[in-house]
$ cat input-v7.cif   # mmCIF, C-alpha atoms
data_data
loop_
_atom_site.label_atom_id
_atom_site.label_comp_id
_atom_site.auth_asym_id
_atom_site.auth_seq_id
_atom_site.Cartn_x
_atom_site.Cartn_y
_atom_site.Cartn_z
CA MET A 1 -17.41 -136.84 -55.85
CA SER A 2 -17.85 -137.11 -59.60
CA SER A 3 -20.36 -134.97 -61.34
CA SER A 4 -23.41 -136.43 -62.95
CA PRO A 5 -23.56 -137.01 -66.72
CA ARG A 6 -26.06 -134.19 -66.91
CA HIS A 7 -23.62 -131.73 -65.33
CA ARG A 8 -20.79 -132.87 -67.62
CA THR A 9 -23.00 -132.41 -70.64
CA LEU A 10 -23.96 -128.93 -69.46
CA ARG A 11 -20.30 -127.93 -69.00
CA ARG A 12 -19.40 -129.22 -72.45
CA SER A 13 -22.31 -127.29 -73.88
CA LEU A 14 -21.20 -124.08 -72.15
CA ARG A 15 -17.60 -124.50 -73.32
CA LEU A 16 -18.77 -125.11 -76.87
CA ARG A 17 -21.01 -122.05 -76.75
CA ALA A 18 -18.15 -119.89 -75.41
CA PHE A 19 -15.88 -121.20 -78.15
CA ARG A 20 -18.46 -120.35 -80.81
CA ILE A 21 -18.77 -116.82 -79.42
CA TRP A 22 -15.10 -116.04 -78.90
CA TRP A 23 -13.43 -117.88 -81.78
CA PRO A 24 -14.79 -115.55 -84.52
CA ARG A 25 -13.68 -112.53 -82.46
CA ILE A 26 -10.20 -113.97 -81.96
CA ARG A 27 -9.93 -114.81 -85.64
CA ARG A 28 -11.10 -111.32 -86.55
CA ARG A 29 -8.44 -109.67 -84.39
CA ALA A 30 -5.79 -112.05 -85.70
CA ILE A 31 -6.62 -111.00 -89.26
CA TYR A 32 -6.05 -107.33 -88.41
CA LEU A 33 -2.84 -108.15 -86.54
CA PHE A 34 -1.28 -110.32 -89.23
CA GLY A 35 -2.53 -107.94 -91.88
CA GLY A 36 -0.74 -105.06 -90.19
CA LEU A 37 2.48 -107.09 -90.03
CA ALA A 38 2.19 -107.97 -93.72
CA VAL A 39 1.45 -104.40 -94.79
CA GLY A 40 4.38 -103.09 -92.76
CA GLY A 41 6.73 -105.60 -94.35
CA LEU A 42 5.49 -104.80 -97.85
CA ALA A 43 5.82 -101.05 -97.23
CA VAL A 44 9.47 -101.52 -96.23
CA ALA A 45 10.10 -103.72 -99.27
CA MET A 46 8.51 -101.14 -101.56
CA ALA A 47 10.67 -98.39 -100.05
CA LEU A 48 13.88 -100.37 -100.59
CA LEU A 49 12.92 -101.34 -104.14
CA ALA A 50 11.95 -97.76 -104.94
CA ASP A 51 15.33 -96.50 -103.75
CA ARG A 52 17.12 -99.12 -105.85
CA ALA A 53 15.07 -98.18 -108.92
CA GLN A 54 15.86 -94.49 -108.55
CA SER A 55 19.55 -95.23 -108.01
CA LEU A 56 19.58 -97.32 -111.18
CA PHE A 57 18.04 -94.54 -113.24
CA ALA A 58 20.43 -91.97 -111.75
CA ALA A 59 23.39 -94.18 -112.69
CA VAL A 60 22.10 -94.44 -116.27
CA VAL A 61 21.67 -90.66 -116.50
CA ASP A 62 25.16 -90.05 -115.09
CA ARG A 63 26.62 -92.29 -117.76
CA SER A 64 24.45 -90.90 -120.59
CA PRO A 65 22.74 -87.53 -119.98
CA ALA A 66 20.55 -88.02 -123.07
CA ALA A 67 19.18 -91.36 -121.78
CA PRO A 68 15.92 -89.87 -120.36
CA PHE A 69 14.79 -88.95 -123.88
CA VAL A 70 14.76 -92.65 -124.75
CA VAL A 71 14.32 -94.52 -121.48
CA THR A 72 11.54 -92.37 -119.98
CA PRO A 73 9.09 -92.32 -122.95
CA LEU A 74 9.61 -96.04 -123.62
CA GLY A 75 9.28 -96.86 -119.93
CA PHE A 76 6.05 -94.86 -119.65
CA ALA A 77 4.63 -96.61 -122.72
CA LEU A 78 5.57 -100.06 -121.40
CA SER A 79 4.15 -99.34 -117.96
CA ALA A 80 0.89 -98.00 -119.43
CA TRP A 81 0.57 -101.04 -121.71
CA LEU A 82 1.19 -103.52 -118.90
CA ALA A 83 -1.28 -101.69 -116.66
CA ARG A 84 -4.03 -101.75 -119.27
CA ARG A 85 -3.30 -105.31 -120.43
CA TYR A 86 -2.74 -107.15 -117.15
CA PHE A 87 -3.57 -104.81 -114.23
CA PRO A 88 -6.42 -102.59 -115.45
CA THR A 89 -7.21 -100.99 -112.06
CA SER A 90 -3.62 -100.30 -111.00
CA GLY A 91 -3.22 -96.88 -112.64
CA GLY A 92 -2.48 -93.72 -110.69
CA SER A 93 -1.96 -93.62 -106.95
CA GLY A 94 -4.49 -96.33 -106.10
CA ILE A 95 -6.24 -94.34 -103.39
CA PRO A 96 -9.33 -93.58 -105.54
CA GLN A 97 -9.66 -97.31 -106.22
CA VAL A 98 -9.63 -98.11 -102.50
CA ILE A 99 -12.21 -95.39 -101.78
CA ALA A 100 -14.44 -96.83 -104.51
CA ALA A 101 -13.99 -100.34 -103.12
CA HIS A 102 -14.88 -99.14 -99.62
CA GLN A 103 -18.05 -97.48 -100.90
CA THR A 104 -19.07 -100.40 -103.11
CA ALA A 105 -21.30 -103.02 -101.53
CA ASP A 106 -21.06 -105.48 -104.42
CA PRO A 107 -18.13 -107.90 -103.85
CA VAL A 108 -17.94 -108.61 -107.59
CA ARG A 109 -17.21 -104.94 -108.30
CA ARG A 110 -14.93 -104.57 -105.27
CA GLN A 111 -12.68 -107.53 -106.00
CA PRO A 112 -10.88 -106.12 -109.11
CA LEU A 113 -10.02 -102.90 -107.25
CA VAL A 114 -8.28 -104.50 -104.26
CA SER A 115 -7.08 -107.92 -105.36
CA LEU A 116 -3.68 -109.47 -104.76
CA GLN A 117 -3.12 -109.42 -108.52
CA VAL A 118 -3.58 -105.66 -108.53
CA ALA A 119 -1.24 -105.33 -105.54
CA ALA A 120 1.48 -107.30 -107.31
CA GLY A 121 1.03 -105.23 -110.46
CA LYS A 122 1.10 -102.03 -108.46
CA ILE A 123 4.46 -102.86 -106.93
CA LEU A 124 5.95 -104.05 -110.22
CA LEU A 125 4.81 -101.07 -112.28
CA LEU A 126 5.65 -98.53 -109.56
CA ILE A 127 9.25 -99.77 -109.56
CA LEU A 128 9.32 -99.80 -113.37
CA GLY A 129 8.12 -96.19 -113.48
CA LEU A 130 10.74 -95.00 -110.98
CA ALA A 131 13.45 -96.92 -112.86
CA CYS A 132 12.45 -94.92 -115.95
CA GLY A 133 12.46 -91.51 -114.25
CA ALA A 134 8.76 -91.00 -113.45
CA SER A 135 8.00 -88.24 -110.97
CA THR A 136 5.88 -90.42 -108.72
CA GLY A 137 5.81 -91.63 -105.13
CA ARG A 138 5.34 -94.95 -103.39
CA GLU A 139 3.07 -93.87 -100.52
CA GLY A 140 -0.21 -93.81 -102.47
CA PRO A 141 0.46 -97.21 -104.05
CA THR A 142 1.20 -98.57 -100.57
CA VAL A 143 -2.39 -97.69 -99.67
CA GLN A 144 -3.81 -99.85 -102.46
CA VAL A 145 -1.36 -102.66 -101.67
CA GLY A 146 -2.25 -102.49 -97.97
CA ALA A 147 -5.98 -102.50 -98.67
CA SER A 148 -5.58 -105.42 -101.07
CA VAL A 149 -3.69 -107.49 -98.50
CA MET A 150 -6.28 -106.79 -95.81
CA TYR A 151 -9.15 -107.58 -98.17
CA ALA A 152 -7.57 -110.90 -99.12
CA LEU A 153 -7.11 -111.82 -95.46
CA GLY A 154 -10.66 -110.69 -94.73
CA ARG A 155 -12.02 -113.39 -96.99
CA LEU A 156 -10.93 -115.84 -94.31
CA ALA A 157 -13.27 -114.19 -91.82
CA PRO A 158 -16.69 -115.67 -91.09
CA HIS A 159 -18.52 -112.44 -91.84
CA ARG A 160 -18.06 -109.11 -93.57
CA GLN A 161 -15.31 -106.84 -92.19
CA PRO A 162 -16.29 -103.21 -92.88
CA GLY A 163 -13.08 -101.71 -91.54
CA LEU A 164 -10.56 -103.89 -93.38
CA LEU A 165 -9.93 -101.57 -96.31
CA ILE A 166 -9.60 -98.54 -94.05
CA ALA A 167 -7.23 -100.44 -91.76
CA GLY A 168 -5.07 -101.52 -94.69
CA SER A 169 -4.99 -97.97 -96.07
CA ALA A 170 -4.09 -96.45 -92.71
CA ALA A 171 -1.39 -99.05 -92.11
CA GLY A 172 0.06 -98.35 -95.56
CA ILE A 173 0.42 -94.62 -94.90
CA ALA A 174 1.75 -95.21 -91.38
CA ALA A 175 4.43 -97.65 -92.51
CA ALA A 176 5.39 -95.69 -95.63
CA PHE A 177 6.01 -92.42 -93.77
CA ASN A 178 6.84 -93.94 -90.35
CA ALA A 179 3.96 -91.76 -89.16
CA PRO A 180 1.39 -93.85 -87.25
CA LEU A 181 -0.75 -90.91 -86.17
CA ALA A 182 -0.93 -89.66 -89.75
CA GLY A 183 -2.05 -93.11 -90.84
CA ILE A 184 -4.95 -93.09 -88.42
CA ILE A 185 -5.98 -89.56 -89.37
CA PHE A 186 -5.74 -90.45 -93.07
CA GLY A 187 -8.02 -93.42 -92.56
CA ILE A 188 -10.63 -91.27 -90.83
CA GLU A 189 -10.42 -88.02 -92.81
CA GLU A 190 -9.70 -89.20 -96.34
CA MET A 191 -10.75 -92.83 -96.63
CA SER A 192 -13.92 -93.14 -94.55
CA ARG A 193 -14.67 -89.48 -93.71
CA SER A 194 -16.25 -90.76 -90.53
CA PHE A 195 -15.31 -92.41 -87.25
CA GLU A 196 -16.44 -96.01 -86.97
CA GLU A 197 -16.41 -96.86 -83.28
CA ARG A 198 -16.84 -100.58 -83.90
CA THR A 199 -13.61 -100.89 -85.87
CA SER A 200 -11.52 -98.05 -84.43
CA GLY A 201 -9.63 -100.32 -82.05
CA LEU A 202 -8.92 -102.86 -84.79
CA ILE A 203 -7.69 -100.13 -87.14
CA LEU A 204 -5.42 -98.79 -84.40
CA GLY A 205 -4.07 -102.28 -83.80
CA THR A 206 -3.36 -102.75 -87.51
CA VAL A 207 -1.47 -99.45 -87.65
CA ILE A 208 0.55 -100.41 -84.57
CA ALA A 209 1.44 -103.78 -86.11
CA ALA A 210 2.54 -102.15 -89.37
CA GLY A 211 4.54 -99.51 -87.50
CA LEU A 212 6.28 -102.11 -85.34
CA THR A 213 7.20 -104.12 -88.44
CA SER A 214 8.76 -101.06 -90.06
CA LEU A 215 10.53 -100.22 -86.81
CA ALA A 216 11.93 -103.75 -86.49
CA LEU A 217 13.16 -103.89 -90.09
CA ILE A 218 14.69 -100.43 -90.61
CA GLY A 219 14.75 -98.87 -87.14
CA ASP A 220 13.38 -95.62 -85.78
CA TYR A 221 13.74 -92.69 -88.14
CA THR A 222 12.13 -89.40 -89.08
CA TYR A 223 11.19 -89.19 -92.77
CA PHE A 224 12.90 -85.84 -93.40
CA GLY A 225 15.09 -85.79 -90.31
CA ARG A 226 14.46 -83.72 -87.21
CA THR A 227 14.45 -79.93 -87.49
CA SER A 228 14.53 -77.34 -84.75
CA ASP A 229 13.79 -74.13 -86.67
CA ALA A 230 11.43 -71.87 -84.77
CA MET A 231 8.92 -69.23 -85.82
CA PRO A 232 8.16 -66.80 -83.00
CA PHE A 233 5.03 -64.76 -83.42
CA GLY A 234 5.91 -61.56 -85.21
CA PHE A 235 7.02 -60.24 -88.58
CA GLU A 236 8.01 -63.72 -89.78
CA TRP A 237 4.34 -64.73 -89.76
CA LEU A 238 3.80 -62.70 -92.92
CA ALA A 239 5.13 -65.76 -94.71
CA VAL A 240 2.17 -67.87 -93.57
CA PRO A 241 -0.58 -66.39 -95.78
CA VAL A 242 1.80 -65.99 -98.72
CA ILE A 243 3.01 -69.58 -98.79
CA ALA A 244 -0.44 -70.93 -97.92
CA VAL A 245 -2.14 -69.11 -100.80
CA ALA A 246 0.59 -70.10 -103.26
CA GLY A 247 0.54 -73.74 -102.14
CA GLY A 248 -3.26 -73.93 -102.20
CA LEU A 249 -3.42 -72.33 -105.66
CA PHE A 250 -0.87 -74.59 -107.31
CA GLY A 251 -2.11 -77.64 -105.42
CA GLY A 252 -5.64 -76.93 -106.61
CA LEU A 253 -4.45 -76.51 -110.19
CA PHE A 254 -2.59 -79.80 -109.97
CA SER A 255 -5.59 -81.72 -108.66
CA ARG A 256 -7.89 -80.09 -111.21
CA ALA A 257 -5.57 -81.19 -114.03
CA LEU A 258 -5.71 -84.78 -112.75
CA ILE A 259 -9.48 -84.67 -112.45
CA GLU A 260 -10.11 -83.18 -115.89
CA VAL A 261 -7.86 -85.70 -117.63
CA GLY A 262 -9.07 -88.56 -115.43
CA ARG A 263 -12.72 -88.14 -116.36
CA GLY A 264 -11.90 -87.44 -120.02
CA LEU A 265 -11.11 -84.21 -121.83
CA PRO A 266 -13.67 -83.03 -124.40
CA GLY A 267 -13.08 -82.68 -128.10
CA ALA A 268 -10.34 -84.03 -130.32
CA VAL A 269 -7.69 -84.00 -127.58
CA GLY A 270 -9.77 -86.16 -125.28
CA ALA A 271 -10.64 -88.53 -128.12
CA ALA A 272 -6.96 -88.89 -129.04
CA ILE A 273 -6.02 -89.72 -125.44
CA ARG A 274 -8.77 -92.34 -125.19
CA THR A 275 -7.92 -94.03 -128.50
CA ARG A 276 -4.12 -93.88 -128.16
CA PRO A 277 -3.36 -94.17 -124.43
CA ILE A 278 0.05 -95.82 -124.94
CA LEU A 279 1.20 -93.05 -127.26
CA PHE A 280 -0.12 -90.47 -124.81
CA ALA A 281 1.88 -92.10 -122.00
CA ALA A 282 5.02 -92.01 -124.16
CA LEU A 283 4.47 -88.30 -124.89
CA CYS A 284 4.06 -87.65 -121.16
CA GLY A 285 7.35 -89.47 -120.61
CA LEU A 286 9.00 -87.26 -123.21
CA GLY A 287 7.62 -84.23 -121.38
CA VAL A 288 9.12 -85.49 -118.12
CA ALA A 289 12.48 -85.87 -119.87
CA LEU A 290 12.24 -82.26 -121.07
CA CYS A 291 11.46 -81.15 -117.50
CA GLY A 292 14.56 -83.00 -116.38
CA LEU A 293 16.61 -81.14 -118.97
CA GLY A 294 15.23 -77.85 -117.70
CA ALA A 295 16.12 -78.62 -114.08
CA GLU A 296 19.49 -80.38 -114.36
CA ASN A 297 17.95 -83.84 -114.00
CA SER A 298 16.65 -83.05 -110.49
CA VAL A 299 12.94 -83.77 -111.12
CA PHE A 300 13.06 -87.53 -111.66
CA GLY A 301 11.81 -89.90 -108.97
CA THR A 302 10.05 -89.09 -105.73
CA GLY A 303 11.95 -85.86 -105.02
CA TYR A 304 12.72 -86.98 -101.47
CA GLU A 305 16.43 -86.13 -101.56
CA GLN A 306 15.83 -82.70 -103.08
CA ALA A 307 13.11 -81.82 -100.58
CA LYS A 308 15.26 -82.95 -97.66
CA ALA A 309 18.22 -80.90 -98.91
CA ILE A 310 16.06 -77.78 -99.27
CA LEU A 311 14.64 -78.33 -95.78
CA HIS A 312 18.09 -78.54 -94.19
CA GLY A 313 19.61 -75.73 -96.23
CA THR A 314 22.06 -77.92 -98.17
CA SER A 315 20.32 -77.91 -101.54
CA THR A 316 22.12 -77.38 -104.83
CA VAL A 317 19.03 -77.77 -107.04
CA PRO A 318 18.45 -75.05 -109.64
CA ALA A 319 15.84 -72.33 -109.25
CA SER A 320 13.73 -74.10 -111.87
CA PHE A 321 13.31 -77.19 -109.68
CA GLY A 322 9.93 -76.16 -108.24
CA PRO A 323 8.05 -75.43 -111.48
CA MET A 324 9.73 -78.27 -113.38
CA LYS A 325 8.93 -80.76 -110.62
CA PHE A 326 5.33 -79.54 -110.72
CA LEU A 327 5.07 -80.13 -114.48
CA ALA A 328 6.88 -83.48 -114.30
CA THR A 329 4.49 -84.69 -111.60
CA VAL A 330 1.46 -83.52 -113.58
CA LEU A 331 2.67 -85.39 -116.65
CA SER A 332 3.52 -88.54 -114.69
CA SER A 333 0.14 -88.50 -112.94
CA ILE A 334 -2.02 -87.99 -116.03
CA SER A 335 -0.06 -90.54 -118.10
CA GLY A 336 -1.98 -93.46 -116.59
CA ILE A 337 1.03 -95.28 -115.15
CA PRO A 338 0.88 -96.48 -111.52
CA GLY A 339 2.46 -94.09 -109.02
CA GLY A 340 1.56 -91.85 -106.11
CA ILE A 341 1.57 -88.10 -105.61
CA PHE A 342 2.34 -87.72 -101.89
CA ALA A 343 6.15 -87.60 -102.01
CA PRO A 344 6.33 -85.55 -105.25
CA SER A 345 3.84 -83.09 -103.73
CA LEU A 346 6.12 -82.60 -100.74
CA ALA A 347 9.02 -81.99 -103.14
CA VAL A 348 7.01 -79.45 -105.13
CA GLY A 349 6.09 -77.69 -101.89
CA ALA A 350 9.75 -77.57 -100.90
CA GLY A 351 10.65 -76.17 -104.33
CA LEU A 352 7.91 -73.55 -103.97
CA ALA A 353 9.39 -72.51 -100.62
CA ALA A 354 12.87 -72.22 -102.15
CA ASP A 355 11.50 -69.97 -104.91
CA LEU A 356 9.67 -67.74 -102.42
CA HIS A 357 12.55 -67.46 -99.98
CA GLY A 358 13.94 -64.48 -101.88
CA LEU A 359 10.65 -62.62 -101.25
CA LEU A 360 10.47 -63.78 -97.62
CA PRO A 361 14.09 -63.60 -96.37
CA MET A 362 12.99 -62.97 -92.79
CA THR A 363 11.72 -66.57 -92.54
CA PRO A 364 14.37 -69.33 -92.22
CA ILE A 365 14.43 -71.67 -95.20
CA GLY A 366 13.75 -74.67 -92.95
CA VAL A 367 10.56 -73.09 -91.61
CA LEU A 368 9.45 -71.92 -95.04
CA THR A 369 10.04 -75.39 -96.49
CA ILE A 370 7.85 -77.06 -93.87
CA LEU A 371 5.10 -74.52 -94.50
CA GLY A 372 5.46 -74.96 -98.25
CA MET A 373 5.19 -78.74 -98.02
CA VAL A 374 2.05 -78.70 -95.89
CA SER A 375 0.45 -75.94 -97.99
CA TYR A 376 0.95 -77.66 -101.31
CA LEU A 377 0.04 -81.11 -100.01
CA SER A 378 -3.14 -79.74 -98.44
CA GLY A 379 -3.94 -77.97 -101.69
CA VAL A 380 -3.56 -81.20 -103.66
CA VAL A 381 -5.44 -83.67 -101.47
CA GLN A 382 -7.79 -81.23 -99.65
CA ALA A 383 -7.28 -83.14 -96.41
CA PRO A 384 -5.81 -80.46 -94.11
CA ILE A 385 -5.67 -82.53 -90.92
CA THR A 386 -3.86 -85.41 -92.63
CA SER A 387 -1.50 -82.95 -94.31
CA PHE A 388 -0.35 -81.14 -91.20
CA VAL A 389 -0.08 -84.34 -89.14
CA ILE A 390 2.05 -86.00 -91.83
CA VAL A 391 4.42 -83.03 -92.15
CA ASP A 392 4.64 -82.58 -88.39
CA GLU A 393 5.49 -86.26 -87.85
CA MET A 394 7.98 -86.27 -90.73
CA THR A 395 10.00 -83.39 -89.29
CA GLU A 396 9.24 -83.70 -85.56
CA ASN A 397 9.24 -79.91 -85.31
CA HIS A 398 6.37 -79.54 -82.85
CA GLY A 399 7.19 -75.89 -82.28
CA LEU A 400 5.69 -75.14 -85.70
CA VAL A 401 2.38 -76.92 -85.10
CA ILE A 402 0.29 -73.73 -85.09
CA PRO A 403 1.66 -72.19 -88.32
CA ILE A 404 1.51 -75.63 -89.96
CA MET A 405 -2.18 -75.90 -89.04
CA VAL A 406 -2.93 -72.39 -90.29
CA CYS A 407 -1.18 -73.06 -93.62
CA ALA A 408 -3.03 -76.34 -94.09
CA LEU A 409 -6.44 -74.74 -93.50
CA LEU A 410 -5.75 -71.66 -95.66
CA ALA A 411 -4.34 -73.75 -98.50
CA ASN A 412 -7.33 -76.07 -98.34
CA ALA A 413 -9.71 -73.11 -98.67
CA VAL A 414 -7.78 -71.68 -101.64
CA SER A 415 -7.68 -75.09 -103.33
CA LYS A 416 -11.45 -75.48 -102.96
CA ALA A 417 -11.86 -72.16 -104.75
CA VAL A 418 -9.97 -73.67 -107.69
CA TYR A 419 -11.94 -76.93 -107.56
CA PRO A 420 -14.49 -77.66 -104.83
CA HIS A 421 -13.97 -81.42 -104.50
CA GLY A 422 -11.00 -83.50 -103.38
CA VAL A 423 -9.00 -85.26 -106.06
CA TYR A 424 -9.19 -88.77 -104.59
CA HIS A 425 -12.93 -88.85 -104.00
CA THR A 426 -13.64 -87.26 -107.36
CA LEU A 427 -11.48 -89.78 -109.23
CA SER A 428 -13.00 -92.64 -107.25
CA ARG A 429 -16.24 -92.12 -109.20
CA ASN A 430 -14.47 -93.50 -112.26
CA PHE A 431 -14.37 -96.89 -110.52
CA MET A 432 -17.93 -96.95 -109.21
CA PRO A 433 -21.08 -97.87 -111.13
CA VAL A 434 -23.29 -94.93 -112.08
CA PRO A 435 -26.98 -95.63 -111.45
CA GLU A 436 -29.55 -94.78 -114.06
CA GLY A 437 -29.89 -91.01 -114.16
CA GLY A 438 -26.85 -90.67 -111.91
CA ALA A 439 -24.69 -89.12 -114.59
CA ASP A 440 -27.09 -86.23 -115.05
CA ARG A 441 -27.31 -85.66 -111.29
CA ALA A 442 -23.54 -85.75 -110.99
CA MET A 443 -23.15 -83.16 -113.73
CA ARG A 444 -25.66 -80.87 -112.04
CA ALA A 445 -23.88 -81.32 -108.70
CA GLU A 446 -20.54 -80.39 -110.30
CA LYS A 447 -22.02 -77.16 -111.66
CA HIS A 448 -23.27 -76.16 -108.23
#

$ encode --input "input-v7.cif" --output "structure tokens"
Amino acid sequence: MSSSPRHRTLRRSLRLRAFRIWWPRIRRRAIYLFGGLAVGGLAVAMALLADRAQSLFAAVVDRSPAAPFVVTPLGFALSAWLARRYFPTSGGSGIPQVIAAHQTADPVRRQPLVSLQVAAGKILLLILGLACGASTGREGPTVQVGASVMYALGRLAPHRQPGLLIAGSAAGIAAAFNAPLAGIIFGIEEMSRSFEERTSGLILGTVIAAGLTSLALIGDYTYFGRTSDAMPFGFEWLAVPVIAVAGGLFGGLFSRALIEVGRGLPGAVGAAIRTRPILFAALCGLGVALCGLGAENSVFGTGYEQAKAILHGTSTVPASFGPMKFLATVLSSISGIPGGIFAPSLAVGAGLAADLHGLLPMTPIGVLTILGMVSYLSGVVQAPITSFVIVDEMTENHGLVIPIMVCALLANAVSKAVYPHGVYHTLSRNFMPVPEGGADRAMRAEKH
């Protein structure tokens, strides 16, 4: 028995209504899924290109040891000029820009911070910097690239997507370090500083998609390789407060240097930097070359190989590696060229552990290196949960979870004594509009 025209009309109406309800939701989830796949693929591509760039620079230095004194200053100057001329919001790690974009409601102000043009410039100038010997990392830039990709895809959605930038940032960290849990924690602790229940599942799905892409392209791996060093409770634990205080102190000094230069130094020095930024970048490059001379050319690039060698007890880097890597990373970061600080911070922490091992011989170098990495990283970014999760996932040494946590928290407290605010959120203010009277309130808040 055929249905009446009225019943057929009703069924068509119900199907159309269901389609109108479910299609936006399906499209929304598809955006997060495809965005995660794209971010994962880009993270792998950035990793491969970064390795090639560092290998190229190493080959040049092997052939001509004096090359850094020409290549590095000129490369810094070129990168700074290109950034200012064509990609004005691509400088530094990119994480402050994404934080500012997330906190900015005006799409006109958000667009320049997380556009595809900025993402392309970020990749190009990151590789240029590493090919010239900059002491920078690719993980921070992957955050801005990931957020830019997700924001571009989000423009296809029928309504505003509040979690897109966080999802792209989390996917970038997860794919860059092959650390999905760290990506999620980073998105919550550092990017949003809150838990958004409405978008948590979508963010998790984006991280999974990015992680699966990385897994499919380069296989399962642990960033620094698996370690099995143990730290039973006892005399060895004396190393925990020592390395935590040292890491928090130097990490805090590093972040304070970035903040002071980032918001503009006072007096003639600050005026000279503002009026001659390309020359300043070249001088920073010359300083990096001098640091390389003082550490047998071991401070250039991300520092991944040096940190891994120290961790596994196979290092041949000089005793000056730690302090020289610290200075080289400071100079690279304040120069204005695009590049991250995550990987160099881990290398500095490893160098700090190597320098302190003579004072703490009872602690195995592998254990001390892990504690040094988490202490210094926590001191720099003031995100202790993200720091210990990243280091734990990168080494898969779950037996050290408790001392890693303790070091992260102690280092964070020491860093806050040096400067009370995190480097990324403080620098993000440079990319956000200041309301009338806001500058005075901000200055009073800084004093208190």

$ atom_distance --input "input-v7.cif" --atom1 "CA of Leu116 in chain A" --atom2 "CA of Ser148 in chain A"
5.8 Å

$ atom_distance --input "input-v7.cif" --atom1 "CA of Phe342 in chain A" --atom2 "CA of Thr314 in chain A"
22.3 Å

$ residues_around --input "input-v7.cif" --residues "Ser93 in chain A" --least-positions-apart "2" --cutoff "6 Å" --atoms "all atoms listed in the file" --output "PDB file with C-alpha atoms, keeping the file's coordinate frame"
ATOM      1  CA  ILE A  95      -6.240 -94.340-103.390  1.00  0.00           C
ATOM      2  CA  GLY A 140      -0.210 -93.810-102.470  1.00  0.00           C
ATOM      3  CA  PRO A 141       0.460 -97.210-104.050  1.00  0.00           C
ATOM      4  CA  GLY A 339       2.460 -94.090-109.020  1.00  0.00           C
ATOM      5  CA  GLY A 340       1.560 -91.850-106.110  1.00  0.00           C
TER       6      GLY A 340
END

$ resolve_selection --input "input-v7.cif" --expression "the PyMOL selection byres ((chain A and resi 104) around 12)" --output "PyMOL selection string"
chain A and resi 97-103+105-114+162+165+428-429+431-434

$ atom_distance --input "input-v7.cif" --atom1 "CA of Gln382 in chain A" --atom2 "CA of Lys308 in chain A"
23.2 Å

$ decode --input "input-v7.cif" --residues "range 285-309 of chain A" --atoms "C-alpha atoms" --output "CSV table (one decimal), in the first residue's frame"
chain,number,residue,atom,x,y,z
A,285,GLY,CA,74.7,35.7,13.9
A,286,LEU,CA,78.3,36.8,14.4
A,287,GLY,CA,77.9,36.0,18.1
A,288,VAL,CA,76.5,32.6,17.3
A,289,ALA,CA,79.6,32.0,15.1
A,290,LEU,CA,81.8,33.0,18.1
A,291,CYS,CA,79.9,30.6,20.3
A,292,GLY,CA,80.6,27.8,17.7
A,293,LEU,CA,84.3,28.6,17.8
A,294,GLY,CA,84.3,28.4,21.6
A,295,ALA,CA,82.6,24.9,21.6
A,296,GLU,CA,84.2,23.2,18.6
A,297,ASN,CA,81.3,23.9,16.3
A,298,SER,CA,78.9,21.9,18.5
A,299,VAL,CA,76.3,24.6,19.2
A,300,PHE,CA,74.8,25.1,15.7
A,301,GLY,CA,71.4,23.8,14.8
A,302,THR,CA,68.8,22.2,17.1
A,303,GLY,CA,71.3,20.4,19.4
A,304,TYR,CA,69.4,17.1,19.0
A,305,GLU,CA,72.4,14.9,18.3
A,306,GLN,CA,74.5,16.4,21.1
A,307,ALA,CA,71.7,16.0,23.6
A,308,LYS,CA,71.1,12.4,22.6
A,309,ALA,CA,74.8,11.6,22.8
